[in-house]
Structure formats: C-alpha cells, structure tokens
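Just below is one structure, and these are the notes that go with it.
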Amino acid sequence: MKLKGQKQEGSEGREGAKGKMTLSLALVALISAFGSSFQYGYNVSVINSPAPYMQDFYNRTYLDRTGVPMDSGFQTLLWSLTVSMFPLGGLFGSLMVWPLVNNCGRKGTLLINNLFSIAAAILMGTSELAKTFEVIIFSRVIMGIFAGLASNVVPMFLGEMSPKNLRGAVGVVPQFFITIGILVAQILGLNSILGNAKGWPVLLALTGIPSLIQLLTLPFFPESPRYLLIQKGNEEQARRALQRLRGWEDVDDEIEEMYQEDRSEKEEGQFSVLSLCTFRGLRWQLISIIVMMMGQQLSGVNGVFYYADRIFESAGVDSSSIQYVTVSTGAINVVMTMLAIFIVESLGRRILLLAGFLLCSASCAVLTLALNLQSTVSWMSYLSIACVIIYIIGHAIGPSPIPSVMITEMFLQSSRPAAFMVGGSVHWLSNFTVGLVFLYMEAGLGPYSFLIFCAICIATMLYIFFIVPETKNKTFMEINRIMAKRNKVEIQESKE
C-alpha cells in the first residue's frame, strides 16, 4: 500500500493534466446526452400542449369506427393511459439495464436503445394518417423503455469515463439535457408552432432525430474503459480508450486504480439485483440511493409543474400567455441545472442536495399558505408564483441532477449495473405513483397536498445530512472505503 501512496505523490503534476476536459470527453458527453437524455425530457413534456388536439383526434377516430361519440369517462381513461404509459415503460426499461450493460457494454446499450426511439417516432408520426390512437399509447410505452434505459445508462457511461475531478460536472450533463428537452418540447408545443391540430403528429415524431444522430456518431467514440478492463479483461483496448479520453499517453495511474478496484471485488463477482439487496457490504449505499431516488420523485416536482399553469392563472396571468410563462419556468430549470454543472465540483454533492431539498421544502410550506390565502390577500398570488420559481431552482441544483451521479460514485464496477437497475426502478415507480395519485390528492387535500411534499423533502434532507458522505474528488475505491466503515465490513485489499 505504501508503494502506491508514493506513486501517487510522484504523479501529482500529471494528476492535474489528467483532469482536463478534452474534446473527446466533451463530445462523447454531448452526443450521448443529446441522443438519449434530451429525448427523455422531450417526451416528459411533449404531450402537455397538444393534449386538446390529441384528445379531439381520439374522439373523431372513435366516432368514425363506432358511429357514437366517446363518453367522457372512457376519454379520461385513454388520456391517463397515454400519460402514464411513459413512466410505466420507464420502469420496464430500468429492469433491462443490468442484463444489457453487462452483455452489450455501455455504448452498445445506448446504440441498441436508439432503435426503440426511432420505431416509436415513426409510429407516433403516422398515427393520425393510420387513424389509430392505440398506436400512440403503445408508442408511449416504447418511448418509456427508451427513457428508462437512457436515464440509467448515460450517467453510468459518462461517470465511468470521467476523471475523478470532473465526474460530478460531467455527471450533471445528462440532467442538463433532460431540462433542455423539456424546454424544447414546451417551445415547439406553442400553439403558433406545432402545438395545434395539424402539427402535433410532427411534434411527437421529432423525437427520432436525436436518436438518428447518436446512431450515426457514437460508434466513433470509445467504450467505457472500466467496462473494457474490469468486465472484458482487455487492458489494451481500455488503455487506448483512456488515452483518447484524457488526451495524453501516460494513463498508468488510472489503469492501476482499476486493477485495484477489480482485485477488491474479485471476492464477490458480478452482482445481480438479488445479491445486491442481500449483501451487507453495500447495505448503506443501497438504502441511500433508494432514499435519494424516492426523494427526487416524491418531493412533488411533477405536482409543481402540473400545478404551475393554475397558479399562474389564479395570479391573474392571461390564459393566452400562460404557455409562455410555462416556457419561462422551463428556461429557469435549464439555467439552474447549467449552474449545477459549474458548482458541483467546487461545492460538492452534499451541499447541493441539502440546499436543494431545503429550498424545495420551504417553498412547498409557503406555497400551501399562499394558495390558502390567495382569495383574501391580493398579493399572495405573486408569492405563489415566487414559490414555484424557488422550488424549480431548488430542485434543479440538487435533487434532480445529483442522485444519478451518486449511484455512479457509491458503487464499484461489479455492483454498479444492478445499483442503477434498483435506482432506476425506484425512480420510475415513484414517478408513476405521483402521476397516478396526485390528481386524487389534489381533489381531496387541495393546496395541503404540498405539505406532504414538504415533509418528504425534509425527511430526505435529514437522511442525506446524517448518512450520505461527500464524494467530491475521490476515487471509487476511496468512496468504497468510507462506506465500508459505515457498513462495518472489511475491504479485501491484502492482495495488493
């Protein structure tokens, strides 16, 4: 061990050079995030604006087939299926992460995944011509599978490729592209652009274009060096991939660190989800990602976005202008996530998570008060707009981008695919639950439903404060040692 320590001291000068953002790393981050994460965001938001025109199409199609108009209960069911099939598909996609990334690699999985998106885009784009709304609902499941895989594989792929001092910043890039996807869908969904009776099939079909670009460009970039070395046992390919990503020849230190990780893990072998859930040495890591992923989705972010239109309406915003105000909230989301990319390496992960959940809990509490007093105190409606904006800022700097970065960092190579599968499943299951339950919560509790979100934010914040360590600028092995103490287990390092 001492020998390794001396080696690290002697290579401090090189360590600085290693941490630079090279063109190769920047391009692979942009291509994989644009081709995958962007579309996840785009499809979250794309059916909001054209909803009335799509429902009208459902009605017309049903009338043409049966000769009788669709009753409102059946229409509500069809529309809620159209919306909720996306997170349900996301859950199926998450369940495919572990087998696909272990057998096809990270890059291979992203390339295969594009086929789901292109198929769904073609089906949705031609649904009106084919006079079938069932195809749209089916395509939403396929798009969900695509998003479920993308939301897990892209952070894993980029986290394994990045040097330790850039891992947080590069890890936030997928979330940044998710917010850009949401914003682009909001802009293209404006009535004056594609959110109208003629434009909505084009709006839905556009999702295939980023996939096509990724399919044509990603093959020219390297696979994850950690996957090549630790799982494929191919040091030569891993070395070449690292040299290309780092922009220089001497990558011995990182190769050595990977071997060290590999030796430490040899005892356990590849983890399945079941063995991950029963293995004592990863107990706190697993609980932490489940808490962070549930906190991220159950903190009410979808509820706030859903409520935003009505909050703006009650604040006196003209109904024709509401969609433009919604676009501006999407823009705030993009700007704040971009800020997180620049500050995550200087402030660290914990501070952003704690500050984010604190802002979210405070704005949920004040929003409850403001919504209740809106009819009696005139300026309360402006306070509720401020609360929505503060909530979006809080979520964008911490709870949205950081949990997937933490999954990459808290698990080693053998357990990471299974951990992403668990984290992804929790993410999509929670997302699906909020979508399903929020309408009933709102009907029963009204503004008080935000107090439940407030309590979830506070509980998640307290857990992070007491349990989750700072992982900034640490190697995967260093993080593993910190967590081993918490799990009260010994790490196998004697073979070094």
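Simple scheme: letters A, B, ... for chains in structure tokens order, numbers from 1 for residues in each chain, numbers from 1 for ligands in the order shown.
Counting only C-alpha atoms, Ser211 of chain A has the following residues at most 8 Å away, ignoring those fewer than 3 positions along the same chain: Gly35, Ser36, Asn114, Leu115, Ser117, Ile118, Thr207, Gly208, Gln214 and Leu215 of chain A.
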Now that the selection is made, can you save its residues with all heavy atoms as a compact mmCIF listing (two decimals), in the first residue's frame?
# COMPACT_ATOMS: atom_id res chain seq x y z
N GLY A 35 -28.46 12.52 -27.58
CA GLY A 35 -29.16 11.40 -28.23
C GLY A 35 -30.08 10.65 -27.30
O GLY A 35 -31.03 10.00 -27.74
N SER A 36 -29.81 10.72 -25.97
CA SER A 36 -30.60 9.91 -25.03
C SER A 36 -31.35 10.75 -24.00
O SER A 36 -32.57 10.74 -23.95
CB SER A 36 -29.68 8.91 -24.33
OG SER A 36 -29.10 8.02 -25.27
N ASN A 114 -31.40 3.27 -29.28
CA ASN A 114 -31.90 4.21 -30.30
C ASN A 114 -32.99 3.59 -31.18
O ASN A 114 -33.85 4.29 -31.70
CB ASN A 114 -30.75 4.69 -31.20
CG ASN A 114 -29.84 5.64 -30.46
OD1 ASN A 114 -30.30 6.50 -29.73
ND2 ASN A 114 -28.55 5.49 -30.62
N LEU A 115 -32.93 2.27 -31.35
CA LEU A 115 -33.92 1.60 -32.21
C LEU A 115 -35.33 1.73 -31.61
O LEU A 115 -36.30 1.87 -32.35
CB LEU A 115 -33.54 0.12 -32.40
CG LEU A 115 -32.14 -0.10 -32.99
CD1 LEU A 115 -31.80 -1.58 -33.06
CD2 LEU A 115 -32.01 0.55 -34.37
N SER A 117 -36.45 4.28 -29.85
CA SER A 117 -36.90 5.66 -30.06
C SER A 117 -37.31 5.91 -31.51
O SER A 117 -38.33 6.54 -31.78
CB SER A 117 -35.77 6.61 -29.65
OG SER A 117 -35.99 7.88 -30.18
N ILE A 118 -36.50 5.41 -32.44
CA ILE A 118 -36.79 5.63 -33.87
C ILE A 118 -38.11 4.93 -34.24
O ILE A 118 -38.95 5.50 -34.94
CB ILE A 118 -35.61 5.18 -34.75
CG1 ILE A 118 -34.41 6.11 -34.52
CG2 ILE A 118 -35.98 5.18 -36.23
CD1 ILE A 118 -33.09 5.60 -35.05
N THR A 207 -38.89 13.29 -32.04
CA THR A 207 -38.04 12.62 -31.06
C THR A 207 -37.06 11.64 -31.71
O THR A 207 -36.04 11.29 -31.11
CB THR A 207 -38.90 11.93 -29.98
OG1 THR A 207 -38.05 11.48 -28.95
CG2 THR A 207 -39.66 10.74 -30.53
N GLY A 208 -37.36 11.19 -32.93
CA GLY A 208 -36.45 10.23 -33.59
C GLY A 208 -35.16 10.84 -34.10
O GLY A 208 -34.17 10.13 -34.31
N GLN A 214 -27.34 10.16 -32.89
CA GLN A 214 -26.50 9.36 -31.99
C GLN A 214 -26.08 8.04 -32.64
O GLN A 214 -24.93 7.61 -32.51
CB GLN A 214 -27.25 9.07 -30.69
CG GLN A 214 -26.36 8.42 -29.64
CD GLN A 214 -27.09 8.14 -28.34
OE1 GLN A 214 -28.05 7.39 -28.32
NE2 GLN A 214 -26.66 8.77 -27.28
N LEU A 215 -27.01 7.44 -33.36
CA LEU A 215 -26.72 6.17 -34.02
C LEU A 215 -25.59 6.31 -35.05
O LEU A 215 -24.80 5.39 -35.25
CB LEU A 215 -28.01 5.67 -34.70
CG LEU A 215 -28.18 4.18 -34.97
CD1 LEU A 215 -27.98 3.35 -33.72
CD2 LEU A 215 -29.56 3.90 -35.55
Using only C-alpha atoms, which residue out of A:Ala459, A:Val434, A:Ile389, A:Ala121 lies closest to Ala331 of chain A?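 Of all the options, A:Ile389 lies closest to Ala331 of chain A.
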In terms of the shortest atom-to-atom distance over only C-alpha atoms, which of A:Ser384, A:Asn372, A:Asn302, A:Ser328 is closest to Asn431 of chain A? A:Asn302
Show which residues sit within 12 Å of Met338 of chain A, as a list in words. Count only C-alpha atoms, and ignore same-chain residues fewer than 2 positions away. Ala169, Val170, Gly171, Val172, Val173, Pro174, Gln175, Phe176, Phe177, Ile178, Thr179, Ile180, Ala331, Ile332, Asn333, Val334, Val335, Met336, Ala340, Ile341, Phe342, Ile343, Val344, Ile393, Ala396, Ile397, Gly398, Ser400 and Pro401 of chain A
